[in-house]
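Note: the block below is my_file-v8.cif and it holds mmCIF, C-alpha atoms.
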```
data_structure
#
loop_
_atom_site.label_atom_id
_atom_site.label_comp_id
_atom_site.auth_asym_id
_atom_site.auth_seq_id
_atom_site.Cartn_x
_atom_site.Cartn_y
_atom_site.Cartn_z
CA MET F 1489 67.49 56.20 128.30
CA LYS F 1490 69.76 58.49 126.39
CA HIS F 1491 68.94 61.23 128.83
CA SER F 1492 69.82 59.15 131.89
CA MET F 1493 73.11 58.12 130.29
CA LYS F 1494 73.97 61.75 129.97
CA ILE F 1495 73.21 62.32 133.63
CA VAL F 1496 75.37 59.39 134.64
CA PHE F 1497 78.25 60.63 132.60
CA LEU F 1498 77.87 64.10 134.09
CA ALA F 1499 77.89 62.61 137.55
CA ALA F 1500 81.05 60.69 136.77
CA ALA F 1501 82.72 63.87 135.62
CA LEU F 1502 81.41 65.69 138.66
CA VAL F 1503 82.82 63.40 141.34
CA PRO F 1504 86.46 64.25 140.69
CA ALA F 1505 85.49 67.86 140.08
CA LEU F 1506 83.91 68.14 143.52
CA SER F 1507 86.95 66.74 145.24
CA HIS F 1508 88.85 69.39 143.33
CA ALA F 1509 86.98 72.21 145.03
CA HIS F 1510 89.24 72.09 148.06
CA LYS F 1511 92.96 72.49 148.18
CA ALA F 1512 95.13 69.69 149.52
CA TRP F 1513 98.54 70.56 150.85
CA LEU F 1514 101.61 69.60 152.80
CA LEU F 1515 103.10 72.40 154.86
CA PRO F 1516 106.60 71.81 156.25
CA SER F 1517 107.77 73.76 159.32
CA ALA F 1518 110.87 74.80 157.36
CA THR F 1519 112.26 74.13 153.89
CA VAL F 1520 115.85 75.38 154.21
CA LEU F 1521 117.76 73.95 157.13
CA ALA F 1522 121.17 72.97 158.42
CA PRO F 1523 121.95 69.24 158.26
CA ASP F 1524 120.70 66.88 160.99
CA GLN F 1525 117.63 68.92 161.94
CA TRP F 1526 114.00 67.87 162.26
CA ILE F 1527 110.95 69.17 160.50
CA THR F 1528 107.30 68.72 161.31
CA VAL F 1529 104.73 68.77 158.53
CA ASP F 1530 101.02 69.61 158.50
CA ALA F 1531 98.85 67.85 155.94
CA ALA F 1532 95.32 69.09 155.34
CA VAL F 1533 92.58 69.83 152.84
CA SER F 1534 91.01 73.27 153.04
CA ASN F 1535 89.77 76.21 151.00
CA ASP F 1536 92.13 78.67 152.66
CA LEU F 1537 95.88 78.46 152.27
CA PHE F 1538 97.47 77.32 154.54
CA TYR F 1539 94.91 76.97 157.33
CA PHE F 1540 93.79 73.59 158.59
CA ASN F 1541 90.07 74.17 159.04
CA HIS F 1542 88.29 71.52 156.99
CA VAL F 1543 89.55 67.92 156.88
CA PRO F 1544 92.92 66.26 157.42
CA LEU F 1545 94.89 64.82 154.55
CA ARG F 1546 95.32 61.10 155.06
CA LEU F 1547 98.90 59.87 155.34
CA ASP F 1548 98.31 56.30 154.08
CA SER F 1549 100.20 56.88 150.86
CA LEU F 1550 102.89 59.21 152.17
CA THR F 1551 106.44 58.67 150.96
CA VAL F 1552 109.48 60.47 152.34
CA LEU F 1553 112.27 60.28 149.83
CA ALA F 1554 115.76 60.91 151.26
CA PRO F 1555 118.55 62.67 149.32
CA ASP F 1556 120.13 59.31 148.43
CA GLY F 1557 116.82 58.10 146.94
CA SER F 1558 115.97 55.77 149.82
CA LYS F 1559 112.60 55.86 151.57
CA LEU F 1560 112.42 57.14 155.13
CA GLU F 1561 109.83 56.41 157.77
CA ALA F 1562 107.78 59.46 158.78
CA GLN F 1563 108.00 59.86 162.56
CA ASN F 1564 105.10 60.53 164.95
CA PRO F 1565 102.34 60.44 162.34
CA SER F 1566 98.92 61.39 163.61
CA THR F 1567 95.63 62.39 162.09
CA GLY F 1568 93.33 64.73 163.96
CA LYS F 1569 90.09 66.49 163.23
CA TYR F 1570 91.51 69.09 160.88
CA ARG F 1571 95.01 68.01 159.99
CA SER F 1572 97.51 65.21 159.94
CA THR F 1573 101.05 65.80 161.13
CA PHE F 1574 104.31 63.91 160.93
CA ASP F 1575 107.97 64.56 161.64
CA VAL F 1576 111.05 63.85 159.56
CA HIS F 1577 114.59 63.64 160.85
CA LEU F 1578 116.81 65.11 158.14
CA ASN F 1579 119.73 62.88 158.97
CA GLN F 1580 121.27 63.05 155.50
CA PRO F 1581 122.48 66.27 153.92
CA GLY F 1582 120.60 67.20 150.76
CA THR F 1583 117.08 67.50 149.39
CA TYR F 1584 114.08 65.46 150.56
CA LYS F 1585 110.84 64.95 148.68
CA LEU F 1586 107.69 64.47 150.74
CA ALA F 1587 104.98 63.01 148.54
CA ILE F 1588 101.48 61.67 148.84
CA LEU F 1589 100.40 59.61 145.86
CA ASN F 1590 96.68 59.00 145.57
CA ARG F 1591 95.33 56.51 143.09
CA GLY F 1592 91.60 56.04 142.99
CA VAL F 1593 88.82 54.55 140.95
CA PHE F 1594 85.36 56.08 140.67
CA ALA F 1595 82.31 54.39 139.31
CA THR F 1596 78.70 55.31 138.75
CA TYR F 1597 76.03 52.82 137.82
CA GLN F 1598 72.39 51.96 138.19
CA GLN F 1599 71.05 49.08 140.16
CA ASN F 1600 67.34 48.24 140.40
CA GLY F 1601 66.66 51.61 138.82
CA ALA F 1602 68.60 53.58 141.45
CA ASP F 1603 71.74 55.68 140.74
CA LYS F 1604 74.77 54.41 142.66
CA ARG F 1605 78.24 55.74 143.21
CA TRP F 1606 81.31 53.79 144.13
CA ARG F 1607 84.76 54.88 145.14
CA GLY F 1608 87.72 52.59 145.76
CA SER F 1609 90.90 51.15 144.38
CA ALA F 1610 91.61 49.05 141.30
CA GLU F 1611 91.95 45.96 143.52
CA ARG F 1612 88.44 46.41 144.87
CA LEU F 1613 86.65 46.85 141.52
CA ALA F 1614 84.97 43.47 142.04
CA GLU F 1615 82.85 45.09 144.75
CA ILE F 1616 80.74 46.64 142.00
CA PRO F 1617 77.70 44.39 141.58
CA LYS F 1618 77.54 42.19 138.51
CA ASP F 1619 74.09 43.49 137.61
CA ALA F 1620 75.22 47.14 137.54
CA LYS F 1621 73.80 48.96 134.55
CA ASN F 1622 75.28 51.93 132.71
CA LEU F 1623 78.55 51.40 134.53
CA GLN F 1624 80.95 54.29 134.06
CA VAL F 1625 84.43 53.92 135.53
CA SER F 1626 87.08 56.59 135.80
CA GLU F 1627 90.45 56.51 137.48
CA SER F 1628 92.55 59.17 139.12
CA ILE F 1629 96.19 59.67 139.94
CA GLY F 1630 97.15 62.63 142.08
CA ARG F 1631 100.29 63.82 143.81
CA ILE F 1632 100.70 66.20 146.70
CA GLU F 1633 104.32 67.12 147.31
CA THR F 1634 106.78 69.43 148.96
CA PHE F 1635 110.55 69.69 149.17
CA VAL F 1636 112.94 70.31 152.04
CA THR F 1637 116.72 70.73 152.01
CA ALA F 1638 119.24 70.20 154.79
CA GLY F 1639 122.52 71.88 153.86
CA GLU F 1640 123.42 71.92 150.18
CA PRO F 1641 120.58 71.23 147.70
CA THR F 1642 120.70 67.97 145.73
CA ASP F 1643 118.43 66.61 142.99
CA LYS F 1644 118.37 62.84 143.29
CA ALA F 1645 114.92 62.92 144.93
CA PHE F 1646 113.41 64.48 141.78
CA GLN F 1647 113.61 61.28 139.73
CA PRO F 1648 110.17 61.01 138.07
CA ALA F 1649 108.07 57.84 138.21
CA ASN F 1650 106.76 58.60 134.69
CA THR F 1651 103.14 58.04 135.63
CA GLY F 1652 100.51 60.74 135.81
CA LEU F 1653 101.42 64.38 136.38
CA GLU F 1654 104.77 65.14 137.95
CA LEU F 1655 106.99 68.13 138.48
CA VAL F 1656 110.70 68.11 137.78
CA PRO F 1657 112.41 71.24 139.01
CA VAL F 1658 114.67 73.18 136.67
CA THR F 1659 115.20 75.78 139.37
CA HIS F 1660 115.81 73.99 142.66
CA PRO F 1661 112.59 74.16 144.75
CA ASN F 1662 114.54 75.11 147.88
CA ASP F 1663 116.36 77.92 146.14
CA LEU F 1664 113.46 80.29 145.51
CA TYR F 1665 113.67 83.99 146.26
CA ALA F 1666 111.25 86.90 145.95
CA GLY F 1667 111.74 88.89 142.75
CA GLU F 1668 113.58 86.05 141.03
CA ALA F 1669 112.27 83.75 138.31
CA ALA F 1670 111.99 79.99 138.80
CA LYS F 1671 111.43 77.39 136.12
CA PHE F 1672 109.64 74.06 136.60
CA ARG F 1673 108.96 71.28 134.11
CA LEU F 1674 105.73 69.34 134.27
CA LEU F 1675 105.54 65.82 132.96
CA LEU F 1676 102.58 63.68 131.99
CA ASP F 1677 103.52 60.00 131.98
CA GLY F 1678 107.16 61.09 131.77
CA LYS F 1679 106.71 63.35 128.74
CA PRO F 1680 106.54 67.18 128.74
CA ALA F 1681 103.00 68.22 129.69
CA THR F 1682 102.67 70.66 126.80
CA ASN F 1683 99.90 73.28 127.15
CA LEU F 1684 99.10 72.18 130.69
CA ASP F 1685 97.32 74.83 132.75
CA VAL F 1686 99.07 75.50 136.05
CA VAL F 1687 97.95 77.81 138.83
CA ILE F 1688 99.97 79.16 141.72
CA VAL F 1689 98.33 80.77 144.75
CA PRO F 1690 100.25 82.54 147.52
CA GLY F 1691 99.47 81.47 151.09
CA GLY F 1692 97.88 83.76 153.65
CA THR F 1693 94.55 83.93 151.82
CA ARG F 1694 92.70 84.53 155.09
CA TYR F 1695 94.16 88.00 155.35
CA ARG F 1696 93.31 89.34 151.92
CA ASP F 1697 90.24 89.71 149.70
CA GLN F 1698 91.46 88.04 146.52
CA GLN F 1699 93.09 84.70 145.72
CA ASN F 1700 95.88 86.48 143.78
CA GLU F 1701 96.07 83.38 141.64
CA MET F 1702 98.76 83.31 138.95
CA SER F 1703 98.01 81.25 135.83
CA PHE F 1704 100.51 79.61 133.53
CA LYS F 1705 100.45 77.43 130.44
CA ALA F 1706 103.30 74.97 130.09
CA ASP F 1707 105.33 75.54 126.92
CA THR F 1708 106.45 72.94 124.38
CA HIS F 1709 108.99 71.65 126.93
CA GLY F 1710 106.28 71.39 129.57
CA GLU F 1711 107.90 74.29 131.37
CA ILE F 1712 106.53 77.26 133.24
CA THR F 1713 108.47 80.25 134.56
CA VAL F 1714 107.21 82.03 137.63
CA THR F 1715 108.60 85.25 139.07
CA TRP F 1716 107.77 85.24 142.76
CA PRO F 1717 106.16 88.53 143.76
CA ASP F 1718 106.77 88.19 147.49
CA PRO F 1719 108.38 85.90 150.02
CA GLY F 1720 106.08 83.29 151.55
CA MET F 1721 104.55 79.88 151.02
CA TYR F 1722 102.99 79.15 147.63
CA TRP F 1723 100.63 76.42 146.42
CA LEU F 1724 100.89 75.08 142.89
CA GLU F 1725 98.28 72.95 141.17
CA ALA F 1726 97.78 71.41 137.76
CA THR F 1727 95.00 69.04 136.72
CA LEU F 1728 93.91 67.41 133.51
CA GLN F 1729 91.53 64.79 132.22
CA ASP F 1730 92.23 62.40 129.40
CA GLU F 1731 91.49 58.89 128.17
CA LYS F 1732 94.90 57.34 128.93
CA THR F 1733 93.63 54.93 131.53
CA THR F 1734 95.52 52.02 133.04
CA LEU F 1735 92.38 50.04 133.88
CA PRO F 1736 90.55 48.43 130.95
CA GLN F 1737 87.20 49.24 132.62
CA ALA F 1738 88.00 52.96 132.93
CA LYS F 1739 87.15 55.36 130.14
CA ARG F 1740 88.56 58.53 131.67
CA ARG F 1741 91.52 59.48 133.79
CA ARG F 1742 92.00 62.48 135.98
CA ALA F 1743 95.59 63.43 136.81
CA SER F 1744 96.58 66.10 139.29
CA TYR F 1745 99.71 67.54 140.80
CA VAL F 1746 100.00 69.81 143.83
CA ALA F 1747 103.10 71.18 145.49
CA THR F 1748 103.97 73.65 148.23
CA PHE F 1749 106.97 75.93 147.77
CA GLU F 1750 108.64 78.36 150.11
CA VAL F 1751 109.96 81.60 148.65
CA LEU F 1752 112.49 83.41 150.81
CA PRO F 1753 113.18 87.13 151.02
CA GLN F 1754 116.36 88.39 149.36
CA MET D 195 153.02 98.52 176.04
CA ARG D 196 149.93 100.62 175.57
CA SER D 197 151.63 103.07 173.24
CA LEU D 198 153.09 100.17 171.30
CA LEU D 199 149.59 98.80 170.90
CA SER D 200 148.20 102.10 169.68
CA ILE D 201 151.05 102.36 167.21
CA ALA D 202 150.14 98.91 165.95
CA VAL D 203 146.48 99.92 165.64
CA LEU D 204 147.52 103.13 163.89
CA LEU D 205 149.68 101.14 161.51
CA ILE D 206 146.76 98.93 160.61
CA LEU D 207 144.30 101.76 160.27
CA THR D 208 146.56 103.85 158.11
CA GLY D 209 147.68 100.86 156.16
CA GLN D 210 151.30 101.65 156.83
CA SER D 211 152.38 98.07 156.68
CA TRP D 212 154.33 95.73 154.52
CA GLY D 213 152.54 94.09 151.60
CA LYS D 214 148.99 94.35 150.35
CA GLU D 215 146.31 93.80 152.91
CA LEU D 216 142.61 94.17 153.52
CA THR D 217 141.33 95.50 156.80
CA VAL D 218 137.66 95.07 157.62
CA SER D 219 135.94 96.57 160.58
CA VAL D 220 132.44 95.67 161.67
CA GLU D 221 130.49 97.54 164.31
CA ILE D 222 128.00 95.58 166.35
CA PRO D 223 125.66 98.24 167.76
CA ARG D 224 124.30 98.33 171.27
CA LEU D 225 120.57 97.63 171.06
CA ASN D 226 117.99 98.56 173.63
CA VAL D 227 115.95 95.36 173.60
CA ALA D 228 114.40 93.20 176.30
CA GLU D 229 116.10 89.99 175.18
CA TYR D 230 119.51 90.38 173.64
CA HIS D 231 121.61 87.69 172.03
CA ARG D 232 124.84 88.37 170.23
CA PRO D 233 124.28 88.35 166.48
CA TYR D 234 125.50 85.72 164.09
CA ILE D 235 127.72 87.49 161.56
CA ALA D 236 129.08 86.34 158.22
CA ILE D 237 131.70 88.36 156.38
CA TRP D 238 132.62 87.44 152.84
CA ILE D 239 133.84 88.72 149.50
CA GLU D 240 131.49 88.29 146.55
CA HIS D 241 131.92 88.59 142.82
CA ALA D 242 129.77 91.06 140.86
CA ASP D 243 127.31 88.22 140.13
CA GLN D 244 127.04 87.52 143.89
CA ARG D 245 128.99 84.26 143.82
CA VAL D 246 131.17 83.91 146.87
CA ALA D 247 134.80 84.73 146.11
CA ARG D 248 136.10 84.19 149.66
CA HIS D 249 134.68 83.55 153.08
CA LEU D 250 136.40 85.90 155.51
CA ALA D 251 134.75 85.17 158.84
CA VAL D 252 131.66 83.58 160.38
CA TRP D 253 130.76 84.19 164.00
CA TYR D 254 128.19 81.89 165.53
CA GLN D 255 127.31 80.11 168.75
CA THR D 256 130.17 77.65 169.17
CA ASP D 257 129.93 76.94 172.90
CA PRO D 258 129.74 73.13 173.26
CA LYS D 259 127.86 73.54 176.56
CA LYS D 260 124.97 75.21 174.74
CA GLU D 261 122.71 74.01 171.91
CA ASP D 262 124.35 73.24 168.58
CA GLY D 263 124.63 76.73 167.12
CA ARG D 264 124.89 75.49 163.55
CA GLU D 265 121.13 75.12 163.47
CA TRP D 266 120.64 78.88 162.98
CA LEU D 267 123.41 79.56 160.48
CA LYS D 268 120.75 79.55 157.75
CA ASP D 269 119.24 82.69 159.27
CA MET D 270 122.08 84.52 157.56
CA ARG D 271 120.09 83.59 154.53
CA GLN D 272 122.08 85.33 151.80
CA TRP D 273 125.35 83.88 153.08
CA TRP D 274 123.69 80.48 153.50
CA ARG D 275 122.41 80.54 149.93
CA ARG D 276 125.64 81.77 148.40
CA GLY D 277 127.91 79.22 149.98
CA GLY D 278 127.39 78.82 153.72
CA ARG D 279 125.22 75.76 153.18
CA SER D 280 128.04 73.91 151.43
CA LEU D 281 130.62 74.50 154.20
CA GLN D 282 131.45 71.92 156.82
CA MET D 283 131.33 73.89 160.05
CA PRO D 284 133.52 74.82 161.81
CA VAL D 285 136.03 76.06 159.23
CA ASP D 286 139.55 76.53 160.50
CA GLY D 287 140.64 80.16 160.44
CA ILE D 288 137.22 81.43 159.37
CA THR D 289 134.62 80.48 161.96
CA GLY D 290 134.60 81.61 165.55
CA ALA D 291 132.41 82.52 168.49
CA THR D 292 129.89 85.36 168.45
CA ARG D 293 131.27 88.75 169.44
CA PRO D 294 130.04 91.42 171.83
CA VAL D 295 128.87 94.95 171.10
CA GLY D 296 131.70 97.07 169.73
CA THR D 297 133.86 97.48 166.65
CA HIS D 298 135.78 94.42 165.54
CA THR D 299 138.69 94.74 163.18
CA LEU D 300 140.06 91.95 161.03
CA THR D 301 143.15 92.16 158.87
CA PHE D 302 143.92 89.82 156.00
CA LYS D 303 147.31 89.83 154.29
CA GLU D 304 147.46 89.06 150.59
CA ASP D 305 149.05 85.69 151.35
CA SER D 306 146.50 84.83 154.04
CA LYS D 307 144.24 81.81 153.68
CA GLN D 308 141.36 84.18 152.90
CA LEU D 309 143.01 86.31 150.23
CA GLU D 310 145.61 84.01 148.72
CA ALA D 311 145.43 84.08 144.89
CA LEU D 312 142.38 86.37 144.84
CA ALA D 313 142.25 87.46 141.20
CA PRO D 314 142.43 91.22 140.55
CA GLY D 315 138.96 92.60 139.95
CA LYS D 316 135.85 94.26 141.31
CA TYR D 317 134.26 92.75 144.40
CA ASN D 318 131.86 93.49 147.20
CA LEU D 319 132.61 93.07 150.84
CA VAL D 320 129.41 91.63 152.32
CA VAL D 321 128.50 91.58 155.98
CA GLU D 322 125.31 89.86 157.10
CA ALA D 323 124.03 89.84 160.67
CA ALA D 324 121.15 87.82 162.10
CA ARG D 325 120.16 87.89 165.73
CA GLU D 326 118.05 85.42 167.72
CA VAL D 327 114.63 86.99 168.45
CA GLY D 328 115.95 90.02 166.58
CA GLY D 329 116.39 91.17 163.03
CA ARG D 330 118.66 90.66 160.11
CA GLU D 331 120.70 93.12 158.08
CA LEU D 332 123.06 92.88 155.15
CA LEU D 333 125.53 95.51 153.95
CA ARG D 334 127.66 95.61 150.81
CA VAL D 335 130.80 97.66 150.32
CA PRO D 336 132.19 97.62 146.76
CA PHE D 337 135.97 97.59 146.28
CA GLU D 338 138.66 96.77 143.79
CA TRP D 339 141.45 94.35 144.55
CA PRO D 340 144.32 95.07 144.67
CA ALA D 341 144.57 98.84 145.10
CA ASN D 342 147.33 101.12 143.82
CA GLN D 343 146.86 103.45 146.72
CA GLN D 344 145.42 103.42 150.17
CA THR D 345 141.66 102.88 149.70
CA ARG D 346 138.78 103.23 152.11
CA ALA D 347 135.09 102.57 151.79
CA SER D 348 132.22 102.04 154.17
CA ALA D 349 128.52 101.46 154.60
CA LYS D 350 126.27 102.21 157.52
CA GLY D 351 123.65 99.88 158.88
CA THR D 352 120.36 100.91 160.39
CA SER D 353 119.38 98.04 162.67
CA GLU D 354 121.61 95.05 163.30
CA LEU D 355 124.87 96.56 162.04
CA GLY D 356 126.68 99.83 162.68
CA THR D 357 129.38 101.00 160.34
CA VAL D 358 131.12 98.45 158.18
CA SER D 359 134.31 99.72 156.64
CA LEU D 360 137.23 98.42 154.68
CA ALA D 361 140.72 99.69 154.06
CA ILE D 362 143.06 98.34 151.43
CA ALA D 363 146.76 98.91 151.73
CA PRO D 364 148.65 98.88 148.41
#
```
Have the structure of the file written as structure tokens, please.
Amino acid sequence: MKHSMKIVFLAAALVPALSHAHKAWLLPSATVLAPDQWITVDAAVSNDLFYFNHVPLRLDSLTVLAPDGSKLEAQNPSTGKYRSTFDVHLNQPGTYKLAILNRGVFATYQQNGADKRWRGSAERLAEIPKDAKNLQVSESIGRIETFVTAGEPTDKAFQPANTGLELVPVTHPNDLYAGEAAKFRLLLDGKPATNLDVVIVPGGTRYRDQQNEMSFKADTHGEITVTWPDPGMYWLEATLQDEKTTLPQAKRRRASYVATFEVLPQ
Amino acid sequence: MRSLLSIAVLLILTGQSWGKELTVSVEIPRLNVAEYHRPYIAIWIEHADQRVARHLAVWYQTDPKKEDGREWLKDMRQWWRRGGRSLQMPVDGITGATRPVGTHTLTFKEDSKQLEALAPGKYNLVVEAAREVGGRELLRVPFEWPANQQTRASAKGTSELGTVSLAIAP
């Protein structure tokens, strides 16, 4: 009995970990533009950055935040075999935040002696059978974001929701240049994510042998400072697990944050 | 008429004029390429810390019969970053149409819109060129404003720009 409990718990820990194996990303066609232009954005999950060759990223929970803080409708959304795409008309000058917020609930249990897994939302928890044994519930909150600026950069779109992991730029995310340092603050439930491990991987992994991953640990202000080695697109990720759940049934929470940044040449 | 014109040019080039002035000349080189478009060019004065002190000129596609040329202003990425992105284009007296191959000379008097109340100090003249389906190049020419005597300085480009020079008349 004790042994099987252990296995169940391991499985519960493993489900989010497996989904972690791939990289999710939003890739905008441009990040620095003149006002009143359009962008198109690819959204995918893959091992290679930034190549859509595995599965598309679903757009169900996509939010496009305009410079004035209002929500815009993504235009021409479509989901194909390997990627989703959508367009945004940048009809206001300033900085836009494109964000996918994924909230999920995972459960493992035994029914009639068989191990079962369940994946859904908090609203659908009742789907889990009443006779489930050794029920283990965990929840997840994950963000996948990128930033785009038409004309002069603004920062109204950075307002944090104070739930899960978030990034608040200190250096503007559309003002990044090779050879220069940029500072970002990471928040967990609105407070500095002290000691958080953050990794940054440059795009173009298909054409080199190593990931060239850069690792950071957020300081007491939740801040990291990255000096960009080269121009290009970069992928940032931070994840953590804790017990600060919002669902009474859940014992563990997994929080993640992913963002794509463009670094320009000098 | 012609001799009068060359005297005028000579006056500008030698700085034999009345009052302090800055003369900038920018050479757009002839390029042997299959598809040529005139370059976008931004000319500005920057402080030592690269903040824009003054915008001098911006040449871009302004023809209303063509596509809105403002879309590609950001390709002059240093200028865009340092201040271009906060300008409302067009800017009277600063922006204009793209220019053909050749050397283009601009003269700014100390009381001109561009130089008015420019604090004495060390600056760079910056010229940035970006060409559709072509390259990009940026040149800096350091100078001190104002000058006690006739001053000249220049820089030479290797791809999108020829010689960029400045002359300051005391």
Would you list the residues near (131.1, 77.8, 171.1), meaning any protein, DNA or RNA residue with an atom at most 12 Å from that point in file coordinates, counting all atoms listed in the file, as a PyMOL selection string? chain D and resi 234+253-264+283-284+289-293
Enumerate, in order of chain and increasing residue number, the residues of chain D with an atom no farther than 10 Å from chain F, each with its shortest atom pair and distance in Å to one decimal, counting all atoms listed in the file, as a tab-separated table.
```
residue	atom	partner	partner_atom	distance
D:Arg264	CA	F:Ala1522	CA	6.8
D:Glu265	CA	F:Ala1522	CA	5.5
D:Trp266	CA	F:Ala1522	CA	7.5
D:Leu267	CA	F:Ala1522	CA	7.3
D:Lys268	CA	F:Leu1521	CA	6.4
D:Asp269	CA	F:Leu1521	CA	9.1
D:Arg271	CA	F:Gln1754	CA	8.0
D:Gln272	CA	F:Gln1754	CA	6.9
D:Trp274	CA	F:Gly1639	CA	8.7
D:Arg275	CA	F:Asp1663	CA	7.6
D:Gly277	CA	F:Glu1640	CA	8.6
D:Gly278	CA	F:Gly1639	CA	8.5
D:Arg279	CA	F:Gly1639	CA	4.8
D:Ser280	CA	F:Glu1640	CA	5.2
D:Leu281	CA	F:Gly1639	CA	8.5
D:Gln282	CA	F:Gly1639	CA	9.4
D:Leu332	CA	F:Gln1754	CA	9.9
```
Go ahead and fit an axis-aligned box to every listed atom of range 1635-1646 of chain F plus 3 Å each side, and pass me the centre and edge lengths in Å, one decimal, as AutoDock Vina command-line options.
```
--center_x 117.0 --center_y 67.4 --center_z 148.3 --size_x 18.9 --size_y 15.1 --size_z 19.0
```
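Compared by their closest atoms to Leu1674 in chain F, and using all atoms listed in the file, the residues F:Val1658, F:Val1543, F:Leu1560, F:Val1529 rank with F:Val1658 nearest.
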Long-range neighbours of range 340-347 of chain D as a CSV table (one decimal) with C-alpha atoms, in the frame of the given file, 8 Å cut-off, all atoms listed in the file, 6 positions minimum in chain:
```csv
chain,number,residue,atom,x,y,z
D,209,GLY,CA,147.7,100.9,156.2
D,214,LYS,CA,149.0,94.4,150.4
D,314,PRO,CA,142.4,91.2,140.6
D,315,GLY,CA,139.0,92.6,140.0
D,359,SER,CA,134.3,99.7,156.6
D,360,LEU,CA,137.2,98.4,154.7
D,361,ALA,CA,140.7,99.7,154.1
D,362,ILE,CA,143.1,98.3,151.4
D,363,ALA,CA,146.8,98.9,151.7
D,364,PRO,CA,148.6,98.9,148.4
```
Selection result for the PyMOL selection byres ((chain D and resi 233) around 9) on this file, as a list in words: Ile222, Tyr230, His231, Arg232, Tyr234, Ile235, Trp253, Tyr254, Thr292, Arg293, Pro294, Ala323, Ala324, Arg325, Glu326, Gly328, Arg330 and Glu354 of chain D
Could you tell me which residues the PyMOL selection byres ((chain F and resi 1655) around 8) grabs in this file, written as a PyMOL selection string? chain F and resi 1648+1653-1654+1656-1657+1672-1675+1745
May I have the residues within 12 Å of Ser306 in chain D as an mmCIF file with C-alpha atoms, in the coordinates of the input, using all atoms listed in the file and disregarding those fewer than 6 positions away in the same chain?
```
data_model
loop_
_atom_site.group_PDB
_atom_site.id
_atom_site.type_symbol
_atom_site.label_atom_id
_atom_site.label_comp_id
_atom_site.auth_asym_id
_atom_site.auth_seq_id
_atom_site.Cartn_x
_atom_site.Cartn_y
_atom_site.Cartn_z
ATOM 1 C CA GLY D 213 152.540 94.090 151.600
ATOM 2 C CA LYS D 214 148.990 94.350 150.350
ATOM 3 C CA GLU D 215 146.310 93.800 152.910
ATOM 4 C CA LEU D 216 142.610 94.170 153.520
ATOM 5 C CA ARG D 248 136.100 84.190 149.660
ATOM 6 C CA HIS D 249 134.680 83.550 153.080
ATOM 7 C CA LEU D 250 136.400 85.900 155.510
ATOM 8 C CA GLY D 287 140.640 80.160 160.440
ATOM 9 C CA ILE D 288 137.220 81.430 159.370
ATOM 10 C CA LEU D 300 140.060 91.950 161.030
ATOM 11 C CA LEU D 312 142.380 86.370 144.840
#
```
Considering only C-alpha atoms, can you say which of D:Ala349, D:Ala242, D:Ile237, D:Ala251 comes closest to Val320 in chain D? D:Ile237
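Near range 1605-1621 of chain F, within 6 Å and counting all atoms listed in the file, sit Gly1592, Val1593, Phe1594, Ala1595, Thr1596, Tyr1597, Gln1598, Gln1599 and Leu1623 of chain F; same-chain residues fewer than 2 positions away were not included.
Computed from the coordinates, the CA of Ala236 in chain D to CA of Gln1580 in chain F distance equals 24.7 Å.
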Report as a count of residues only all protein, DNA and RNA residues lying within 8 Å of Asn318 in chain D, evaluated on only C-alpha atoms, omitting residues in the same chain fewer than 6 positions from it. 8
Record the distance separating CA of Leu1550 in chain F and CA of Gln1563 in chain F, expressed in Å with one decimal. 11.6 Å
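Nearest residue to Thr1567 in chain F, choosing from F:Thr1734, F:Ile1588, F:Asp1530, F:Ala1602 and counting all atoms listed in the file: F:Asp1530.
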What's around Gln1729 in chain F at 9 Å? Count only C-alpha atoms, leave out sequence neighbours fewer than 2 positions away in its own chain, and write the answer as a ChimeraX atom specification. /F:1628,1727,1731-1732,1740-1744
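With CA of Ala1706 in chain F on one side and CA of Ala1645 in chain F on the other, the separation reads 22.4 Å.
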Point out the residue among D:Asp305, D:Gln244, D:Ser353, D:Glu331 with the least atom-to-atom distance to Val227 in chain D, counting all atoms listed in the file. D:Ser353
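Shortest separation to Phe302 in chain D among D:Trp238, D:Gly351, D:Ala228, D:Val321 occurs at residue D:Trp238, atoms counted being only C-alpha atoms.
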Test item: the PyMOL selection byres ((chain F and resi 1684-1691) around 7) resolved as a count of residues only: 22
Complete the atom set of range 310-315 of chain D to N, CA and C atoms and return it as a compact mmCIF listing (two decimals), in the frame of the given file.
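What ended up in part.txt:
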```
# COMPACT_ATOMS: atom_id res chain seq x y z
N GLU D 310 144.61 84.63 149.58
CA GLU D 310 145.61 84.01 148.72
C GLU D 310 145.05 83.77 147.31
N ALA D 311 145.78 84.29 146.31
CA ALA D 311 145.43 84.08 144.89
C ALA D 311 144.07 84.66 144.51
N LEU D 312 143.62 85.69 145.23
CA LEU D 312 142.38 86.37 144.84
C LEU D 312 142.68 87.17 143.56
N ALA D 313 141.98 86.83 142.50
CA ALA D 313 142.25 87.46 141.20
C ALA D 313 141.95 88.95 141.26
N PRO D 314 142.73 89.78 140.59
CA PRO D 314 142.43 91.22 140.55
C PRO D 314 141.05 91.43 139.94
N GLY D 315 140.30 92.37 140.49
CA GLY D 315 138.96 92.60 139.95
C GLY D 315 138.09 93.38 140.91
```
